[in-house]
file coords-v5.cif (mmCIF, N, CA and C atoms)
data_target
loop_
_atom_site.label_atom_id
_atom_site.label_comp_id
_atom_site.auth_asym_id
_atom_site.auth_seq_id
_atom_site.Cartn_x
_atom_site.Cartn_y
_atom_site.Cartn_z
N MET V 1 0.82 -1.18 0.00
CA MET V 1 0.00 0.00 0.00
C MET V 1 0.88 1.27 0.00
N LEU V 2 1.92 1.30 0.83
CA LEU V 2 2.82 2.44 0.87
C LEU V 2 3.53 2.62 -0.47
N GLU V 3 3.93 1.52 -1.06
CA GLU V 3 4.62 1.58 -2.35
C GLU V 3 3.72 2.21 -3.42
N GLU V 4 2.44 1.85 -3.43
CA GLU V 4 1.49 2.43 -4.39
C GLU V 4 1.32 3.92 -4.15
N TYR V 5 1.22 4.31 -2.89
CA TYR V 5 1.08 5.72 -2.55
C TYR V 5 2.28 6.53 -3.03
N LEU V 6 3.49 5.99 -2.79
CA LEU V 6 4.70 6.69 -3.21
C LEU V 6 4.80 6.82 -4.72
N LYS V 7 4.29 5.84 -5.45
CA LYS V 7 4.31 5.91 -6.91
C LYS V 7 3.37 6.99 -7.42
N LYS V 8 2.24 7.19 -6.74
CA LYS V 8 1.22 8.13 -7.19
C LYS V 8 1.45 9.56 -6.68
N THR V 9 2.19 9.70 -5.60
CA THR V 9 2.30 11.00 -4.94
C THR V 9 3.72 11.54 -5.02
N GLU V 10 3.84 12.78 -5.47
CA GLU V 10 5.14 13.43 -5.48
C GLU V 10 5.40 14.02 -4.10
N LEU V 11 6.45 13.54 -3.44
CA LEU V 11 6.75 14.00 -2.10
C LEU V 11 7.41 15.37 -2.12
N GLU V 12 7.11 16.18 -1.13
CA GLU V 12 7.73 17.49 -0.99
C GLU V 12 8.76 17.41 0.12
N TYR V 13 9.99 17.76 -0.17
CA TYR V 13 11.07 17.70 0.81
C TYR V 13 11.45 19.09 1.28
N TYR V 14 12.03 19.15 2.44
CA TYR V 14 12.53 20.39 3.01
C TYR V 14 13.82 20.05 3.75
N PRO V 15 14.77 20.97 3.81
CA PRO V 15 16.04 20.66 4.49
C PRO V 15 15.79 20.28 5.95
N PRO V 16 16.43 19.27 6.48
CA PRO V 16 17.48 18.43 5.91
C PRO V 16 16.94 17.18 5.21
N VAL V 17 15.64 17.11 4.96
CA VAL V 17 15.04 15.93 4.34
C VAL V 17 15.30 15.93 2.84
N GLU V 18 15.89 14.83 2.35
CA GLU V 18 16.21 14.72 0.92
C GLU V 18 15.63 13.47 0.28
N ASN V 19 15.08 12.56 1.07
CA ASN V 19 14.52 11.32 0.52
C ASN V 19 13.54 10.73 1.53
N PRO V 20 12.80 9.70 1.15
CA PRO V 20 11.79 9.13 2.05
C PRO V 20 12.36 8.63 3.38
N LEU V 21 13.58 8.08 3.39
CA LEU V 21 14.16 7.60 4.65
C LEU V 21 14.43 8.79 5.58
N ASP V 22 14.91 9.91 5.04
CA ASP V 22 15.09 11.11 5.86
C ASP V 22 13.77 11.56 6.45
N LEU V 23 12.71 11.49 5.66
CA LEU V 23 11.38 11.90 6.11
C LEU V 23 10.91 11.02 7.27
N ILE V 24 11.14 9.72 7.16
CA ILE V 24 10.77 8.79 8.23
C ILE V 24 11.57 9.11 9.49
N TYR V 25 12.88 9.33 9.32
CA TYR V 25 13.72 9.64 10.47
C TYR V 25 13.28 10.94 11.14
N GLU V 26 13.02 11.96 10.35
CA GLU V 26 12.58 13.25 10.88
C GLU V 26 11.30 13.09 11.68
N HIS V 27 10.35 12.36 11.13
CA HIS V 27 9.07 12.13 11.81
C HIS V 27 9.30 11.34 13.10
N TYR V 28 10.13 10.30 13.04
CA TYR V 28 10.40 9.47 14.21
C TYR V 28 11.02 10.28 15.34
N THR V 29 12.04 11.07 15.03
CA THR V 29 12.71 11.83 16.08
C THR V 29 11.82 12.94 16.64
N GLU V 30 10.96 13.51 15.83
CA GLU V 30 10.04 14.55 16.32
C GLU V 30 9.02 13.96 17.28
N ASN V 31 8.62 12.73 17.06
CA ASN V 31 7.55 12.12 17.85
C ASN V 31 8.03 11.16 18.93
N ASN V 32 9.34 10.93 19.01
CA ASN V 32 9.89 10.02 20.01
C ASN V 32 11.13 10.63 20.68
N PRO V 33 10.96 11.71 21.43
CA PRO V 33 12.12 12.36 22.04
C PRO V 33 12.61 11.64 23.29
N VAL V 34 12.94 10.37 23.15
CA VAL V 34 13.31 9.52 24.27
C VAL V 34 14.61 9.97 24.93
N GLU V 35 15.58 10.41 24.14
CA GLU V 35 16.90 10.73 24.68
C GLU V 35 16.86 11.79 25.76
N LYS V 36 15.93 12.71 25.71
CA LYS V 36 15.85 13.78 26.70
C LYS V 36 15.56 13.22 28.10
N ASN V 37 14.91 12.07 28.16
CA ASN V 37 14.49 11.52 29.44
C ASN V 37 15.48 10.53 30.03
N THR V 38 16.54 10.21 29.33
CA THR V 38 17.53 9.28 29.85
C THR V 38 18.60 10.04 30.61
N VAL V 39 19.34 9.34 31.44
CA VAL V 39 20.44 9.96 32.18
C VAL V 39 21.45 10.53 31.19
N ALA V 40 21.81 9.75 30.16
CA ALA V 40 22.77 10.21 29.16
C ALA V 40 22.23 11.44 28.42
N GLY V 41 20.95 11.43 28.11
CA GLY V 41 20.35 12.56 27.41
C GLY V 41 20.37 13.83 28.25
N LYS V 42 20.11 13.69 29.55
CA LYS V 42 20.14 14.85 30.44
C LYS V 42 21.56 15.40 30.58
N VAL V 43 22.54 14.51 30.66
CA VAL V 43 23.94 14.95 30.75
C VAL V 43 24.34 15.66 29.46
N ALA V 44 23.93 15.10 28.32
CA ALA V 44 24.26 15.71 27.03
C ALA V 44 23.65 17.11 26.92
N LYS V 45 22.40 17.27 27.35
CA LYS V 45 21.74 18.58 27.31
C LYS V 45 22.47 19.59 28.21
N ALA V 46 22.90 19.13 29.38
CA ALA V 46 23.63 20.01 30.30
C ALA V 46 24.96 20.44 29.69
N LYS V 47 25.66 19.51 29.04
CA LYS V 47 26.94 19.83 28.40
C LYS V 47 26.73 20.81 27.24
N GLU V 48 25.63 20.61 26.49
CA GLU V 48 25.33 21.52 25.39
C GLU V 48 25.07 22.93 25.91
N LYS V 49 24.34 23.03 27.01
CA LYS V 49 24.06 24.33 27.62
C LYS V 49 25.36 24.97 28.11
N GLU V 50 26.25 24.16 28.68
CA GLU V 50 27.55 24.65 29.14
C GLU V 50 28.38 25.20 27.97
N LEU V 51 28.35 24.48 26.84
CA LEU V 51 29.05 24.94 25.63
C LEU V 51 28.49 26.28 25.15
N GLU V 52 27.16 26.37 25.10
CA GLU V 52 26.53 27.61 24.64
C GLU V 52 26.90 28.78 25.55
N GLU V 53 26.87 28.58 26.87
CA GLU V 53 27.21 29.65 27.80
C GLU V 53 28.67 30.07 27.64
N TRP V 54 29.55 29.11 27.43
CA TRP V 54 30.96 29.42 27.23
C TRP V 54 31.16 30.22 25.94
N LEU V 55 30.48 29.79 24.87
CA LEU V 55 30.60 30.51 23.60
C LEU V 55 30.09 31.94 23.74
N ARG V 56 28.94 32.10 24.38
CA ARG V 56 28.35 33.44 24.55
C ARG V 56 29.29 34.38 25.31
N GLY V 57 30.07 33.83 26.24
CA GLY V 57 30.96 34.64 27.04
C GLY V 57 32.32 34.87 26.42
N SER V 58 32.62 34.21 25.32
CA SER V 58 33.94 34.34 24.69
C SER V 58 34.01 35.60 23.82
N ASP V 59 35.19 36.21 23.78
CA ASP V 59 35.39 37.42 22.98
C ASP V 59 35.08 37.18 21.50
N GLY V 60 34.40 38.12 20.89
CA GLY V 60 34.13 38.08 19.46
C GLY V 60 32.92 37.26 19.05
N MET V 61 32.27 36.63 20.01
CA MET V 61 31.15 35.76 19.66
C MET V 61 29.86 36.51 19.34
N ASN V 62 29.80 37.79 19.65
CA ASN V 62 28.62 38.58 19.30
C ASN V 62 28.71 39.18 17.90
N ARG V 63 29.86 38.95 17.23
CA ARG V 63 30.03 39.43 15.86
C ARG V 63 28.95 38.79 14.99
N LEU V 64 28.30 39.59 14.15
CA LEU V 64 27.22 39.07 13.31
C LEU V 64 27.77 38.40 12.06
N VAL V 65 27.19 37.25 11.73
CA VAL V 65 27.57 36.48 10.54
C VAL V 65 26.29 36.06 9.82
N ASP V 66 26.43 35.62 8.58
CA ASP V 66 25.26 35.20 7.81
C ASP V 66 24.75 33.85 8.30
N ASP V 67 23.43 33.72 8.35
CA ASP V 67 22.85 32.41 8.60
C ASP V 67 22.48 31.79 7.26
N TYR V 68 21.68 30.73 7.26
CA TYR V 68 21.37 30.01 6.02
C TYR V 68 20.55 30.80 5.02
N VAL V 69 19.76 31.75 5.50
CA VAL V 69 18.88 32.49 4.58
C VAL V 69 19.36 33.92 4.34
N GLY V 70 20.57 34.23 4.81
CA GLY V 70 21.13 35.55 4.55
C GLY V 70 20.88 36.56 5.65
N ASP V 71 20.17 36.17 6.70
CA ASP V 71 20.00 37.07 7.85
C ASP V 71 21.30 37.09 8.65
N LYS V 72 21.41 38.00 9.57
CA LYS V 72 22.59 38.11 10.42
C LYS V 72 22.28 37.55 11.80
N ILE V 73 23.18 36.70 12.31
CA ILE V 73 23.05 36.13 13.65
C ILE V 73 24.41 36.20 14.33
N PRO V 74 24.44 36.15 15.67
CA PRO V 74 25.72 36.16 16.37
C PRO V 74 26.52 34.89 16.04
N LEU V 75 27.83 35.04 16.05
CA LEU V 75 28.72 33.91 15.72
C LEU V 75 28.48 32.72 16.64
N TRP V 76 28.24 32.97 17.94
CA TRP V 76 28.02 31.84 18.86
C TRP V 76 26.82 31.02 18.42
N GLU V 77 25.78 31.69 17.91
CA GLU V 77 24.57 30.99 17.47
C GLU V 77 24.86 30.14 16.22
N LYS V 78 25.68 30.67 15.32
CA LYS V 78 26.07 29.93 14.11
C LYS V 78 26.83 28.66 14.51
N ILE V 79 27.73 28.78 15.50
CA ILE V 79 28.49 27.62 15.96
C ILE V 79 27.57 26.59 16.58
N MET V 80 26.61 27.04 17.40
CA MET V 80 25.66 26.10 18.01
C MET V 80 24.79 25.44 16.95
N ASP V 81 24.47 26.17 15.90
CA ASP V 81 23.69 25.60 14.81
C ASP V 81 24.48 24.48 14.12
N ARG V 82 25.75 24.73 13.87
CA ARG V 82 26.61 23.69 13.27
C ARG V 82 26.72 22.49 14.20
N HIS V 83 26.84 22.75 15.48
CA HIS V 83 26.89 21.68 16.49
C HIS V 83 25.62 20.83 16.39
N GLY V 84 24.48 21.48 16.30
CA GLY V 84 23.21 20.75 16.17
C GLY V 84 23.15 19.93 14.90
N THR V 85 23.69 20.46 13.81
CA THR V 85 23.71 19.75 12.54
C THR V 85 24.53 18.47 12.65
N VAL V 86 25.68 18.56 13.30
CA VAL V 86 26.53 17.38 13.49
C VAL V 86 25.82 16.35 14.35
N CYS V 87 25.20 16.80 15.44
CA CYS V 87 24.49 15.87 16.32
C CYS V 87 23.34 15.19 15.57
N TYR V 88 22.62 15.95 14.75
CA TYR V 88 21.52 15.41 13.97
C TYR V 88 22.03 14.34 13.00
N ALA V 89 23.12 14.66 12.30
CA ALA V 89 23.68 13.71 11.33
C ALA V 89 24.15 12.44 12.04
N TRP V 90 24.74 12.58 13.21
CA TRP V 90 25.19 11.41 13.97
C TRP V 90 24.00 10.56 14.37
N GLY V 91 22.92 11.20 14.83
CA GLY V 91 21.72 10.46 15.21
C GLY V 91 21.09 9.77 14.01
N GLU V 92 21.11 10.44 12.87
CA GLU V 92 20.54 9.86 11.66
C GLU V 92 21.33 8.63 11.23
N ASP V 93 22.66 8.70 11.36
CA ASP V 93 23.49 7.53 11.02
C ASP V 93 23.18 6.35 11.94
N ARG V 94 22.96 6.64 13.23
CA ARG V 94 22.62 5.57 14.18
C ARG V 94 21.27 4.96 13.84
N PHE V 95 20.33 5.79 13.39
CA PHE V 95 18.99 5.32 13.04
C PHE V 95 19.06 4.34 11.90
#

call {"tool": "encode", "arguments": {"input": "coords-v5.cif", "output": "structure tokens"}}
result
Amino acid sequence: MLEEYLKKTELEYYPPVENPLDLIYEHYTENNPVEKNTVAGKVAKAKEKELEEWLRGSDGMNRLVDDYVGDKIPLWEKIMDRHGTVCYAWGEDRF
């Protein structure tokens, strides 16, 4: 049934989704945020917050840089965005 639906329907993708497997992964992670409730997940979130606070306090981190759509954001935010991208890709590989 799914195969027939995919043949008849043109899927619409959005970054970072590029194919049906990405779409399934995106949906799964949005609806199953299990890692936040584990001890490891809580430690990881605390470390991420520590990194963000350190970046915000470092010299030059308020310098504005381009984001993905051409708007200006602080450098620390761009770094955290890249950090999130790496974490997402790592999670997707595990999936």

call {"tool": "resolve_selection", "arguments": {"input": "coords-v5.cif", "expression": "the PyMOL selection byres (((chain V and resi 52 and name CA) around 12) and name CA)", "output": "ChimeraX atom specification"}}
result
/V:45-51,53-58,61,74-81,83-84

call {"tool": "write_last_selection", "arguments": {"input": "coords-v5.cif", "atoms": "N, CA and C atoms", "output": "PDB file, in the frame of the given file"}}
result
ATOM      1  N   LYS V  45      22.400  17.270  27.350  1.00  0.00           N
ATOM      2  CA  LYS V  45      21.740  18.580  27.310  1.00  0.00           C
ATOM      3  C   LYS V  45      22.470  19.590  28.210  1.00  0.00           C
ATOM      4  N   ALA V  46      22.900  19.130  29.380  1.00  0.00           N
ATOM      5  CA  ALA V  46      23.630  20.010  30.300  1.00  0.00           C
ATOM      6  C   ALA V  46      24.960  20.440  29.690  1.00  0.00           C
ATOM      7  N   LYS V  47      25.660  19.510  29.040  1.00  0.00           N
ATOM      8  CA  LYS V  47      26.940  19.830  28.400  1.00  0.00           C
ATOM      9  C   LYS V  47      26.730  20.810  27.240  1.00  0.00           C
ATOM     10  N   GLU V  48      25.630  20.610  26.490  1.00  0.00           N
ATOM     11  CA  GLU V  48      25.330  21.520  25.390  1.00  0.00           C
ATOM     12  C   GLU V  48      25.070  22.930  25.910  1.00  0.00           C
ATOM     13  N   LYS V  49      24.340  23.030  27.010  1.00  0.00           N
ATOM     14  CA  LYS V  49      24.060  24.330  27.620  1.00  0.00           C
ATOM     15  C   LYS V  49      25.360  24.970  28.110  1.00  0.00           C
ATOM     16  N   GLU V  50      26.250  24.160  28.680  1.00  0.00           N
ATOM     17  CA  GLU V  50      27.550  24.650  29.140  1.00  0.00           C
ATOM     18  C   GLU V  50      28.380  25.200  27.970  1.00  0.00           C
ATOM     19  N   LEU V  51      28.350  24.480  26.840  1.00  0.00           N
ATOM     20  CA  LEU V  51      29.050  24.940  25.630  1.00  0.00           C
ATOM     21  C   LEU V  51      28.490  26.280  25.150  1.00  0.00           C
ATOM     22  N   GLU V  53      26.870  28.580  26.870  1.00  0.00           N
ATOM     23  CA  GLU V  53      27.210  29.650  27.800  1.00  0.00           C
ATOM     24  C   GLU V  53      28.670  30.070  27.640  1.00  0.00           C
ATOM     25  N   TRP V  54      29.550  29.110  27.430  1.00  0.00           N
ATOM     26  CA  TRP V  54      30.960  29.420  27.230  1.00  0.00           C
ATOM     27  C   TRP V  54      31.160  30.220  25.940  1.00  0.00           C
ATOM     28  N   LEU V  55      30.480  29.790  24.870  1.00  0.00           N
ATOM     29  CA  LEU V  55      30.600  30.510  23.600  1.00  0.00           C
ATOM     30  C   LEU V  55      30.090  31.940  23.740  1.00  0.00           C
ATOM     31  N   ARG V  56      28.940  32.100  24.380  1.00  0.00           N
ATOM     32  CA  ARG V  56      28.350  33.440  24.550  1.00  0.00           C
ATOM     33  C   ARG V  56      29.290  34.380  25.310  1.00  0.00           C
ATOM     34  N   GLY V  57      30.070  33.830  26.240  1.00  0.00           N
ATOM     35  CA  GLY V  57      30.960  34.640  27.040  1.00  0.00           C
ATOM     36  C   GLY V  57      32.320  34.870  26.420  1.00  0.00           C
ATOM     37  N   SER V  58      32.620  34.210  25.320  1.00  0.00           N
ATOM     38  CA  SER V  58      33.940  34.340  24.690  1.00  0.00           C
ATOM     39  C   SER V  58      34.010  35.600  23.820  1.00  0.00           C
ATOM     40  N   MET V  61      32.270  36.630  20.010  1.00  0.00           N
ATOM     41  CA  MET V  61      31.150  35.760  19.660  1.00  0.00           C
ATOM     42  C   MET V  61      29.860  36.510  19.340  1.00  0.00           C
ATOM     43  N   PRO V  74      24.440  36.150  15.670  1.00  0.00           N
ATOM     44  CA  PRO V  74      25.720  36.160  16.370  1.00  0.00           C
ATOM     45  C   PRO V  74      26.520  34.890  16.040  1.00  0.00           C
ATOM     46  N   LEU V  75      27.830  35.040  16.050  1.00  0.00           N
ATOM     47  CA  LEU V  75      28.720  33.910  15.720  1.00  0.00           C
ATOM     48  C   LEU V  75      28.480  32.720  16.640  1.00  0.00           C
ATOM     49  N   TRP V  76      28.240  32.970  17.940  1.00  0.00           N
ATOM     50  CA  TRP V  76      28.020  31.840  18.860  1.00  0.00           C
ATOM     51  C   TRP V  76      26.820  31.020  18.420  1.00  0.00           C
ATOM     52  N   GLU V  77      25.780  31.690  17.910  1.00  0.00           N
ATOM     53  CA  GLU V  77      24.570  30.990  17.470  1.00  0.00           C
ATOM     54  C   GLU V  77      24.860  30.140  16.220  1.00  0.00           C
ATOM     55  N   LYS V  78      25.680  30.670  15.320  1.00  0.00           N
ATOM     56  CA  LYS V  78      26.070  29.930  14.110  1.00  0.00           C
ATOM     57  C   LYS V  78      26.830  28.660  14.510  1.00  0.00           C
ATOM     58  N   ILE V  79      27.730  28.780  15.500  1.00  0.00           N
ATOM     59  CA  ILE V  79      28.490  27.620  15.960  1.00  0.00           C
ATOM     60  C   ILE V  79      27.570  26.590  16.580  1.00  0.00           C
ATOM     61  N   MET V  80      26.610  27.040  17.400  1.00  0.00           N
ATOM     62  CA  MET V  80      25.660  26.100  18.010  1.00  0.00           C
ATOM     63  C   MET V  80      24.790  25.440  16.950  1.00  0.00           C
ATOM     64  N   ASP V  81      24.470  26.170  15.900  1.00  0.00           N
ATOM     65  CA  ASP V  81      23.690  25.600  14.810  1.00  0.00           C
ATOM     66  C   ASP V  81      24.480  24.480  14.120  1.00  0.00           C
ATOM     67  N   HIS V  83      26.840  22.750  15.480  1.00  0.00           N
ATOM     68  CA  HIS V  83      26.890  21.680  16.490  1.00  0.00           C
ATOM     69  C   HIS V  83      25.620  20.830  16.390  1.00  0.00           C
ATOM     70  N   GLY V  84      24.480  21.480  16.300  1.00  0.00           N
ATOM     71  CA  GLY V  84      23.210  20.750  16.170  1.00  0.00           C
ATOM     72  C   GLY V  84      23.150  19.930  14.900  1.00  0.00           C
TER      73      GLY V  84
END

call {"tool": "atom_distance", "arguments": {"input": "coords-v5.cif", "atom1": "atom CA of Asn37 of chain V", "atom2": "atom CA of Ile24 of chain V"}}
result
21.7 Å

call {"tool": "residues_around", "arguments": {"input": "coords-v5.cif", "residues": "Gly91 of chain V", "least_positions_apart": "5", "cutoff": "12 Å", "atoms": "only C-alpha atoms", "output": "list in words"}}
result
Asp22, Tyr25, Glu26, Tyr28, Thr29, Pro33, Glu35, Gly84, Thr85 and Val86 of chain V

call {"tool": "select_by_dssp", "arguments": {"input": "coords-v5.cif", "residues": "segment 19-71 of chain V", "states": "alpha helix (DSSP H)", "output": "ChimeraX atom specification"}}
result
/V:20-31,39-57

call {"tool": "atom_distance", "arguments": {"input": "coords-v5.cif", "atom1": "atom C of Val43 of chain V", "atom2": "atom CA of Cys87 of chain V"}}
result
13.1 Å

call {"tool": "atom_distance", "arguments": {"input": "coords-v5.cif", "atom1": "atom N of Lys72 of chain V", "atom2": "atom C of Asp59 of chain V"}}
result
18.2 Å

call {"tool": "select_by_dssp", "arguments": {"input": "coords-v5.cif", "residues": "chain V", "states": "strand (DSSP E)", "output": "ChimeraX atom specification"}}
result
/V:64-66,72-74

call {"tool": "build_atoms", "arguments": {"input": "coords-v5.cif", "residues": "segment 44-62 of chain V", "atoms": "N, CA, C and O atoms", "output": "PDB file, in the coordinates of the input"}}
result
ATOM      1  N   ALA V  44      23.930  15.100  28.320  1.00  0.00           N
ATOM      2  CA  ALA V  44      24.260  15.710  27.030  1.00  0.00           C
ATOM      3  C   ALA V  44      23.650  17.110  26.920  1.00  0.00           C
ATOM      4  O   ALA V  44      24.300  18.052  26.456  1.00  0.00           O
ATOM      5  N   LYS V  45      22.400  17.270  27.350  1.00  0.00           N
ATOM      6  CA  LYS V  45      21.740  18.580  27.310  1.00  0.00           C
ATOM      7  C   LYS V  45      22.470  19.590  28.210  1.00  0.00           C
ATOM      8  O   LYS V  45      22.656  20.747  27.853  1.00  0.00           O
ATOM      9  N   ALA V  46      22.900  19.130  29.380  1.00  0.00           N
ATOM     10  CA  ALA V  46      23.630  20.010  30.300  1.00  0.00           C
ATOM     11  C   ALA V  46      24.960  20.440  29.690  1.00  0.00           C
ATOM     12  O   ALA V  46      25.353  21.614  29.794  1.00  0.00           O
ATOM     13  N   LYS V  47      25.660  19.510  29.040  1.00  0.00           N
ATOM     14  CA  LYS V  47      26.940  19.830  28.400  1.00  0.00           C
ATOM     15  C   LYS V  47      26.730  20.810  27.240  1.00  0.00           C
ATOM     16  O   LYS V  47      27.537  21.705  27.004  1.00  0.00           O
ATOM     17  N   GLU V  48      25.630  20.610  26.490  1.00  0.00           N
ATOM     18  CA  GLU V  48      25.330  21.520  25.390  1.00  0.00           C
ATOM     19  C   GLU V  48      25.070  22.930  25.910  1.00  0.00           C
ATOM     20  O   GLU V  48      25.540  23.916  25.343  1.00  0.00           O
ATOM     21  N   LYS V  49      24.340  23.030  27.010  1.00  0.00           N
ATOM     22  CA  LYS V  49      24.060  24.330  27.620  1.00  0.00           C
ATOM     23  C   LYS V  49      25.360  24.970  28.110  1.00  0.00           C
ATOM     24  O   LYS V  49      25.574  26.180  27.939  1.00  0.00           O
ATOM     25  N   GLU V  50      26.250  24.160  28.680  1.00  0.00           N
ATOM     26  CA  GLU V  50      27.550  24.650  29.140  1.00  0.00           C
ATOM     27  C   GLU V  50      28.380  25.200  27.970  1.00  0.00           C
ATOM     28  O   GLU V  50      28.990  26.260  28.065  1.00  0.00           O
ATOM     29  N   LEU V  51      28.350  24.480  26.840  1.00  0.00           N
ATOM     30  CA  LEU V  51      29.050  24.940  25.630  1.00  0.00           C
ATOM     31  C   LEU V  51      28.490  26.280  25.150  1.00  0.00           C
ATOM     32  O   LEU V  51      29.232  27.210  24.851  1.00  0.00           O
ATOM     33  N   GLU V  52      27.160  26.370  25.100  1.00  0.00           N
ATOM     34  CA  GLU V  52      26.530  27.610  24.640  1.00  0.00           C
ATOM     35  C   GLU V  52      26.900  28.780  25.550  1.00  0.00           C
ATOM     36  O   GLU V  52      27.235  29.877  25.076  1.00  0.00           O
ATOM     37  N   GLU V  53      26.870  28.580  26.870  1.00  0.00           N
ATOM     38  CA  GLU V  53      27.210  29.650  27.800  1.00  0.00           C
ATOM     39  C   GLU V  53      28.670  30.070  27.640  1.00  0.00           C
ATOM     40  O   GLU V  53      28.992  31.257  27.685  1.00  0.00           O
ATOM     41  N   TRP V  54      29.550  29.110  27.430  1.00  0.00           N
ATOM     42  CA  TRP V  54      30.960  29.420  27.230  1.00  0.00           C
ATOM     43  C   TRP V  54      31.160  30.220  25.940  1.00  0.00           C
ATOM     44  O   TRP V  54      31.887  31.213  25.926  1.00  0.00           O
ATOM     45  N   LEU V  55      30.480  29.790  24.870  1.00  0.00           N
ATOM     46  CA  LEU V  55      30.600  30.510  23.600  1.00  0.00           C
ATOM     47  C   LEU V  55      30.090  31.940  23.740  1.00  0.00           C
ATOM     48  O   LEU V  55      30.724  32.880  23.271  1.00  0.00           O
ATOM     49  N   ARG V  56      28.940  32.100  24.380  1.00  0.00           N
ATOM     50  CA  ARG V  56      28.350  33.440  24.550  1.00  0.00           C
ATOM     51  C   ARG V  56      29.290  34.380  25.310  1.00  0.00           C
ATOM     52  O   ARG V  56      29.326  35.573  25.041  1.00  0.00           O
ATOM     53  N   GLY V  57      30.070  33.830  26.240  1.00  0.00           N
ATOM     54  CA  GLY V  57      30.960  34.640  27.040  1.00  0.00           C
ATOM     55  C   GLY V  57      32.320  34.870  26.420  1.00  0.00           C
ATOM     56  O   GLY V  57      33.121  35.651  26.948  1.00  0.00           O
ATOM     57  N   SER V  58      32.620  34.210  25.320  1.00  0.00           N
ATOM     58  CA  SER V  58      33.940  34.340  24.690  1.00  0.00           C
ATOM     59  C   SER V  58      34.010  35.600  23.820  1.00  0.00           C
ATOM     60  O   SER V  58      33.012  36.007  23.214  1.00  0.00           O
ATOM     61  N   ASP V  59      35.190  36.210  23.780  1.00  0.00           N
ATOM     62  CA  ASP V  59      35.390  37.420  22.980  1.00  0.00           C
ATOM     63  C   ASP V  59      35.080  37.180  21.500  1.00  0.00           C
ATOM     64  O   ASP V  59      35.437  36.143  20.945  1.00  0.00           O
ATOM     65  N   GLY V  60      34.400  38.120  20.890  1.00  0.00           N
ATOM     66  CA  GLY V  60      34.130  38.080  19.460  1.00  0.00           C
ATOM     67  C   GLY V  60      32.920  37.260  19.050  1.00  0.00           C
ATOM     68  O   GLY V  60      32.553  37.229  17.878  1.00  0.00           O
ATOM     69  N   MET V  61      32.270  36.630  20.010  1.00  0.00           N
ATOM     70  CA  MET V  61      31.150  35.760  19.660  1.00  0.00           C
ATOM     71  C   MET V  61      29.860  36.510  19.340  1.00  0.00           C
ATOM     72  O   MET V  61      28.925  35.924  18.819  1.00  0.00           O
ATOM     73  N   ASN V  62      29.800  37.790  19.650  1.00  0.00           N
ATOM     74  CA  ASN V  62      28.620  38.580  19.300  1.00  0.00           C
ATOM     75  C   ASN V  62      28.710  39.180  17.900  1.00  0.00           C
ATOM     76  O   ASN V  62      27.778  39.832  17.435  1.00  0.00           O
TER      77      ASN V  62
END
